[in-house]
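Participant: Contents of entry.csv (CSV, C-alpha atoms) are given next:
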```csv
chain,number,residue,atom,x,y,z
A,11,MET,CA,-81.9,69.8,-67.4
A,12,PHE,CA,-85.1,68.4,-68.8
A,13,ALA,CA,-86.6,71.9,-68.7
A,14,VAL,CA,-83.9,73.1,-71.0
A,15,ALA,CA,-84.6,70.2,-73.4
A,16,ALA,CA,-88.4,70.9,-73.3
A,17,LEU,CA,-87.8,74.6,-74.0
A,18,ALA,CA,-85.5,73.7,-76.9
A,19,VAL,CA,-88.1,71.3,-78.4
A,20,LEU,CA,-90.8,73.9,-78.0
A,21,ALA,CA,-88.7,76.5,-79.8
A,22,ALA,CA,-88.0,74.0,-82.6
A,23,LEU,CA,-91.7,73.3,-82.8
A,24,ALA,CA,-92.5,77.0,-83.2
A,25,LEU,CA,-90.0,77.2,-86.1
A,26,VAL,CA,-91.3,74.1,-87.7
A,27,VAL,CA,-94.9,75.2,-87.5
A,28,ALA,CA,-93.8,78.5,-89.1
A,29,ARG,CA,-92.3,76.5,-92.0
A,30,ALA,CA,-95.6,74.5,-92.2
A,31,LEU,CA,-97.5,77.8,-92.5
A,32,MET,CA,-95.1,79.4,-95.0
A,33,GLY,CA,-94.2,76.4,-97.1
A,34,PRO,CA,-94.5,77.3,-100.7
A,35,THR,CA,-95.2,73.7,-101.9
A,36,VAL,CA,-97.3,71.0,-100.4
A,37,PHE,CA,-94.2,68.9,-99.8
A,38,ASP,CA,-92.7,71.6,-97.5
A,39,ARG,CA,-95.9,71.3,-95.5
A,40,VAL,CA,-95.7,67.5,-95.4
A,41,LEU,CA,-92.0,67.6,-94.3
A,42,ALA,CA,-92.9,70.2,-91.6
A,43,GLY,CA,-95.8,68.1,-90.5
A,44,ASN,CA,-93.6,65.0,-90.1
A,45,SER,CA,-91.1,67.1,-88.1
A,46,VAL,CA,-93.9,68.3,-85.9
A,47,GLY,CA,-94.7,64.7,-85.2
A,48,SER,CA,-91.2,63.7,-84.3
A,49,LEU,CA,-90.8,66.8,-82.1
A,50,ALA,CA,-94.1,66.0,-80.4
A,51,ILE,CA,-92.8,62.6,-79.5
A,52,MET,CA,-89.6,64.1,-78.1
A,53,LEU,CA,-91.7,66.6,-76.1
A,54,LEU,CA,-93.8,63.7,-74.7
A,55,ALA,CA,-90.7,61.8,-73.7
A,56,VAL,CA,-89.0,64.9,-72.1
A,57,PHE,CA,-92.2,66.0,-70.4
A,58,GLY,CA,-92.6,62.5,-69.0
A,59,PHE,CA,-89.1,62.7,-67.4
A,60,LEU,CA,-89.8,66.3,-66.3
A,61,THR,CA,-92.8,65.3,-64.3
A,62,GLY,CA,-91.3,62.0,-63.2
A,63,ARG,CA,-93.9,59.9,-65.1
A,64,PRO,CA,-92.0,58.2,-68.0
A,65,GLU,CA,-95.2,56.3,-68.9
A,66,PHE,CA,-95.8,59.0,-71.5
A,67,LEU,CA,-93.3,57.1,-73.7
A,68,ASP,CA,-96.0,54.6,-74.7
A,69,ILE,CA,-98.1,57.5,-76.1
A,70,GLY,CA,-94.9,58.6,-77.9
A,71,LEU,CA,-94.3,55.2,-79.4
A,72,THR,CA,-97.9,55.0,-80.7
A,73,TYR,CA,-97.6,58.5,-82.1
A,74,GLY,CA,-94.4,57.6,-83.9
A,75,LEU,CA,-96.1,54.7,-85.7
A,76,LEU,CA,-99.1,56.8,-86.6
A,77,ASN,CA,-96.7,59.5,-87.9
A,78,LEU,CA,-95.0,57.1,-90.3
A,79,ILE,CA,-98.3,55.8,-91.7
A,80,GLY,CA,-99.9,59.2,-91.9
A,81,THR,CA,-97.0,60.8,-93.8
A,82,LEU,CA,-96.6,57.9,-96.2
A,83,ALA,CA,-100.4,57.9,-96.9
A,84,VAL,CA,-100.4,61.7,-97.6
A,85,LEU,CA,-97.3,61.3,-99.9
A,86,LYS,CA,-98.8,58.4,-101.7
A,87,PHE,CA,-102.0,60.3,-102.2
A,88,PHE,CA,-100.2,63.3,-103.7
A,89,ARG,CA,-98.0,61.1,-105.9
A,90,HIS,CA,-100.7,58.9,-107.3
A,91,GLY,CA,-103.8,60.8,-106.6
A,92,ASP,CA,-105.2,57.7,-105.0
A,93,LEU,CA,-104.4,55.6,-101.9
A,94,ALA,CA,-105.2,52.3,-103.6
A,95,TYR,CA,-102.7,52.6,-106.4
A,96,ASP,CA,-101.8,49.5,-108.3
A,97,PRO,CA,-98.3,49.6,-109.9
A,98,ASP,CA,-99.2,46.8,-112.4
A,99,GLU,CA,-101.8,48.9,-114.1
A,100,GLU,CA,-100.9,51.5,-116.6
A,101,PRO,CA,-101.1,55.0,-114.8
A,102,SER,CA,-104.0,56.9,-116.1
A,103,GLN,CA,-102.6,60.5,-116.2
B,10,MET,CA,-68.3,58.6,-58.5
B,11,MET,CA,-70.2,56.6,-61.0
B,12,PRO,CA,-73.6,58.4,-60.5
B,13,LEU,CA,-71.9,61.8,-60.9
B,14,LEU,CA,-70.3,60.7,-64.2
B,15,THR,CA,-73.6,59.3,-65.5
B,16,GLU,CA,-75.3,62.6,-64.5
B,17,ILE,CA,-72.6,64.7,-66.3
B,18,ALA,CA,-72.7,62.5,-69.4
B,19,SER,CA,-76.5,62.6,-69.7
B,20,TRP,CA,-76.5,66.3,-69.1
B,21,LEU,CA,-74.0,66.8,-71.9
B,22,LEU,CA,-76.0,64.5,-74.3
B,23,ILE,CA,-79.3,66.2,-73.6
B,24,VAL,CA,-77.9,69.7,-74.1
B,25,ALA,CA,-76.2,68.6,-77.3
B,26,GLY,CA,-79.5,67.0,-78.5
B,27,SER,CA,-81.4,70.2,-77.7
B,28,PHE,CA,-78.8,72.2,-79.6
B,29,PHE,CA,-79.1,70.0,-82.7
B,30,THR,CA,-82.9,70.0,-82.5
B,31,VAL,CA,-83.0,73.8,-82.6
B,32,VAL,CA,-80.3,74.0,-85.3
B,33,GLY,CA,-82.4,71.5,-87.5
B,34,ALA,CA,-85.6,73.6,-87.0
B,35,LEU,CA,-83.7,76.7,-87.9
B,36,GLY,CA,-82.4,75.1,-91.0
B,37,LEU,CA,-85.9,74.0,-91.9
B,38,VAL,CA,-86.9,77.6,-91.8
B,39,ARG,CA,-83.8,79.2,-93.4
B,40,MET,CA,-83.0,76.7,-96.2
B,41,PRO,CA,-83.9,77.8,-99.8
B,42,GLU,CA,-85.7,74.8,-101.2
B,43,ILE,CA,-87.3,71.5,-100.4
B,44,PHE,CA,-84.3,69.2,-100.8
B,45,SER,CA,-82.0,71.2,-98.5
B,46,ARG,CA,-84.9,71.5,-96.1
B,47,MET,CA,-85.1,67.7,-96.0
B,48,HIS,CA,-81.4,67.7,-95.2
B,49,ALA,CA,-82.0,70.1,-92.2
B,50,ALA,CA,-84.9,68.1,-91.0
B,51,SER,CA,-82.8,64.9,-91.0
B,52,VAL,CA,-80.4,66.6,-88.6
B,53,MET,CA,-83.4,66.9,-86.2
B,54,ASP,CA,-84.4,63.3,-86.7
B,55,THR,CA,-81.0,61.8,-86.2
B,56,LEU,CA,-78.7,63.8,-84.0
B,57,GLY,CA,-81.3,65.8,-82.1
B,58,VAL,CA,-83.6,62.9,-81.3
B,59,GLY,CA,-80.7,60.4,-81.0
B,60,LEU,CA,-78.7,62.4,-78.5
B,61,LEU,CA,-81.8,63.4,-76.4
B,62,ILE,CA,-82.9,59.7,-76.2
B,63,LEU,CA,-79.4,58.6,-75.3
B,64,GLY,CA,-79.3,61.2,-72.5
B,65,MET,CA,-82.7,60.1,-71.2
B,66,MET,CA,-81.6,56.5,-71.3
B,67,LEU,CA,-78.6,57.3,-69.1
B,68,GLN,CA,-81.1,59.0,-66.7
B,69,ALA,CA,-83.4,56.0,-66.7
B,70,GLY,CA,-80.8,53.4,-66.0
B,71,LEU,CA,-81.4,49.7,-66.7
B,72,SER,CA,-85.2,49.5,-66.7
B,73,LEU,CA,-88.3,49.1,-68.8
B,74,VAL,CA,-88.2,52.9,-69.5
B,75,ALA,CA,-84.7,52.5,-71.1
B,76,LEU,CA,-86.1,49.6,-73.3
B,77,LYS,CA,-89.0,51.8,-74.4
B,78,LEU,CA,-86.5,54.6,-75.3
B,79,LEU,CA,-84.4,52.1,-77.2
B,80,ILE,CA,-87.5,51.0,-79.2
B,81,LEU,CA,-88.3,54.7,-79.9
B,82,LEU,CA,-84.7,55.2,-81.1
B,83,ALA,CA,-85.0,52.1,-83.4
B,84,LEU,CA,-88.4,53.5,-84.7
B,85,PHE,CA,-86.7,56.8,-85.6
B,86,PHE,CA,-83.7,55.0,-87.1
B,87,PHE,CA,-85.9,53.2,-89.6
B,88,THR,CA,-88.8,55.6,-90.3
B,89,ALA,CA,-86.9,58.8,-90.8
B,90,PRO,CA,-85.0,57.6,-93.9
B,91,VAL,CA,-88.1,55.9,-95.3
B,92,ILE,CA,-90.1,59.2,-95.1
B,93,THR,CA,-87.3,61.3,-96.5
B,94,HIS,CA,-86.9,58.9,-99.4
B,95,ALA,CA,-90.6,58.8,-100.2
B,96,LEU,CA,-90.7,62.6,-100.0
B,97,ALA,CA,-87.8,63.1,-102.3
B,98,ARG,CA,-89.3,60.7,-104.8
B,99,ALA,CA,-92.6,62.4,-104.7
B,100,CYS,CA,-90.9,65.8,-105.2
B,101,LEU,CA,-89.0,64.5,-108.2
B,102,HIS,CA,-92.1,62.9,-109.6
B,103,GLU,CA,-93.9,66.2,-109.4
B,104,GLY,CA,-91.1,67.8,-111.4
B,105,ILE,CA,-89.5,69.8,-108.6
B,106,GLU,CA,-85.8,70.0,-109.4
B,107,PRO,CA,-83.0,70.4,-106.8
B,108,LEU,CA,-81.3,73.8,-106.8
B,109,LEU,CA,-77.8,73.2,-108.1
B,110,ALA,CA,-74.8,75.6,-108.0
B,111,GLU,CA,-73.4,73.9,-111.1
B,112,ASP,CA,-75.4,71.5,-113.3
B,113,ARG,CA,-73.2,68.6,-114.0
B,114,ARG,CA,-75.8,66.3,-115.6
B,115,PRO,CA,-75.4,65.4,-119.2
B,116,LYS,CA,-77.0,67.9,-121.6
B,117,SER,CA,-78.7,65.3,-123.8
B,118,LYS,CA,-81.1,64.3,-121.0
B,119,PRO,CA,-84.2,66.4,-121.0
B,120,PRO,CA,-84.9,68.2,-117.8
B,121,GLY,CA,-86.7,65.8,-115.5
B,122,GLY,CA,-90.4,65.9,-115.1
B,123,ARG,CA,-93.4,63.8,-114.9
B,124,LYS,CA,-92.9,61.8,-118.1
B,125,SER,CA,-89.1,61.5,-118.5
B,126,ARG,CA,-88.6,59.6,-115.2
B,127,ARG,CA,-91.2,56.9,-115.7
B,128,GLN,CA,-89.6,53.7,-117.0
B,129,PRO,CA,-91.8,51.3,-118.9
```
Could you write out this structure as structure tokens?
Facilitator:
Amino acid sequence: MFAVAALAVLAALALVVARALMGPTVFDRVLAGNSVGSLAIMLLAVFGFLTGRPEFLDIGLTYGLLNLIGTLAVLKFFRHGDLAYDPDEEPSQ
Amino acid sequence: MMPLLTEIASWLLIVAGSFFTVVGALGLVRMPEIFSRMHAASVMDTLGVGLLILGMMLQAGLSLVALKLLILLALFFFTAPVITHALARACLHEGIEPLLAEDRRPKSKPPGGRKSRRQP
């Protein structure tokens, strides 16, 4: 049962990586990167159950938090061209 | 009787979660533009991940592992909408327009872009 889930997650990862390589805009790549992150978390959890060591879940939790911060940082960088953007200042574009 | 029912339920949940994960990834590849791709990716982040985690929670029983899976589910519950929202806003800010079958927006409004959306 967990082998089925692991195979499905691996197939989904292959498709998502294909989108990340094809993606016409940078936002497609960011979206695909985020999906790769969430699929990697699921793969860690399923693999933990498959091998009978659910301690992998801790790594998955850490990876989830890093995924959020990383994606938001990349989006903020592309939106404002700067990570330390101050909304009170007039944008200099 | 109860262990068998739990086993069957978790089997069904995990298979359904795998199905939705693959369907979401397929949509991410096949959809025509970024906003519909976001829609497909959210299938993966809600139904796929949610059903897989529920199935694994049934396998784990009442334990610390189930609590960790619940925390993971809560993490996905809150972060996936935040990321999709930020991504959509960044796309609109860049001037990427959603692909519409029929444009119902008022004609007087200039087509959105970098300047027209910024409020003083």
Participant: For Leu21 in chain B, please output as number ranges by chain all residues within 12 Å (counting all atoms listed in the file; exclusion window: fewer than 2 positions along the same chain).
Facilitator: A: 11-12, 14-15; B: 14-19, 23-28, 60-61, 63-65, 67-68
Participant: I'd like the neighbourhood of range 71-74 of chain B as a ChimeraX atom specification, where a residue qualifies if any of its atoms comes within 9 Å (using only C-alpha atoms), though same-chain residues fewer than 4 positions away should be ignored.
Facilitator: /A:64-65,67 /B:66-67,78-79
Participant: Any idea which chain B residues end up within 6 Å of chain A if we count all atoms listed in the file, as a list in words please?
Facilitator: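 The contacting residues on chain B are Ser27, Val31, Ala34, Val38 and Ala99 of chain B.
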Participant: What is the CA of Leu108 in chain B to CA of Ala50 in chain B distance in Å?
Facilitator: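 For CA of Leu108 in chain B relative to CA of Ala50 in chain B, the distance reads 17.2 Å.
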Participant: One decimal, in Å: what's the spacing between CA of Gly47 in chain A and CA of Asp54 in chain B?
Facilitator: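 We find that CA of Gly47 in chain A and CA of Asp54 in chain B lie 10.5 Å from each other.
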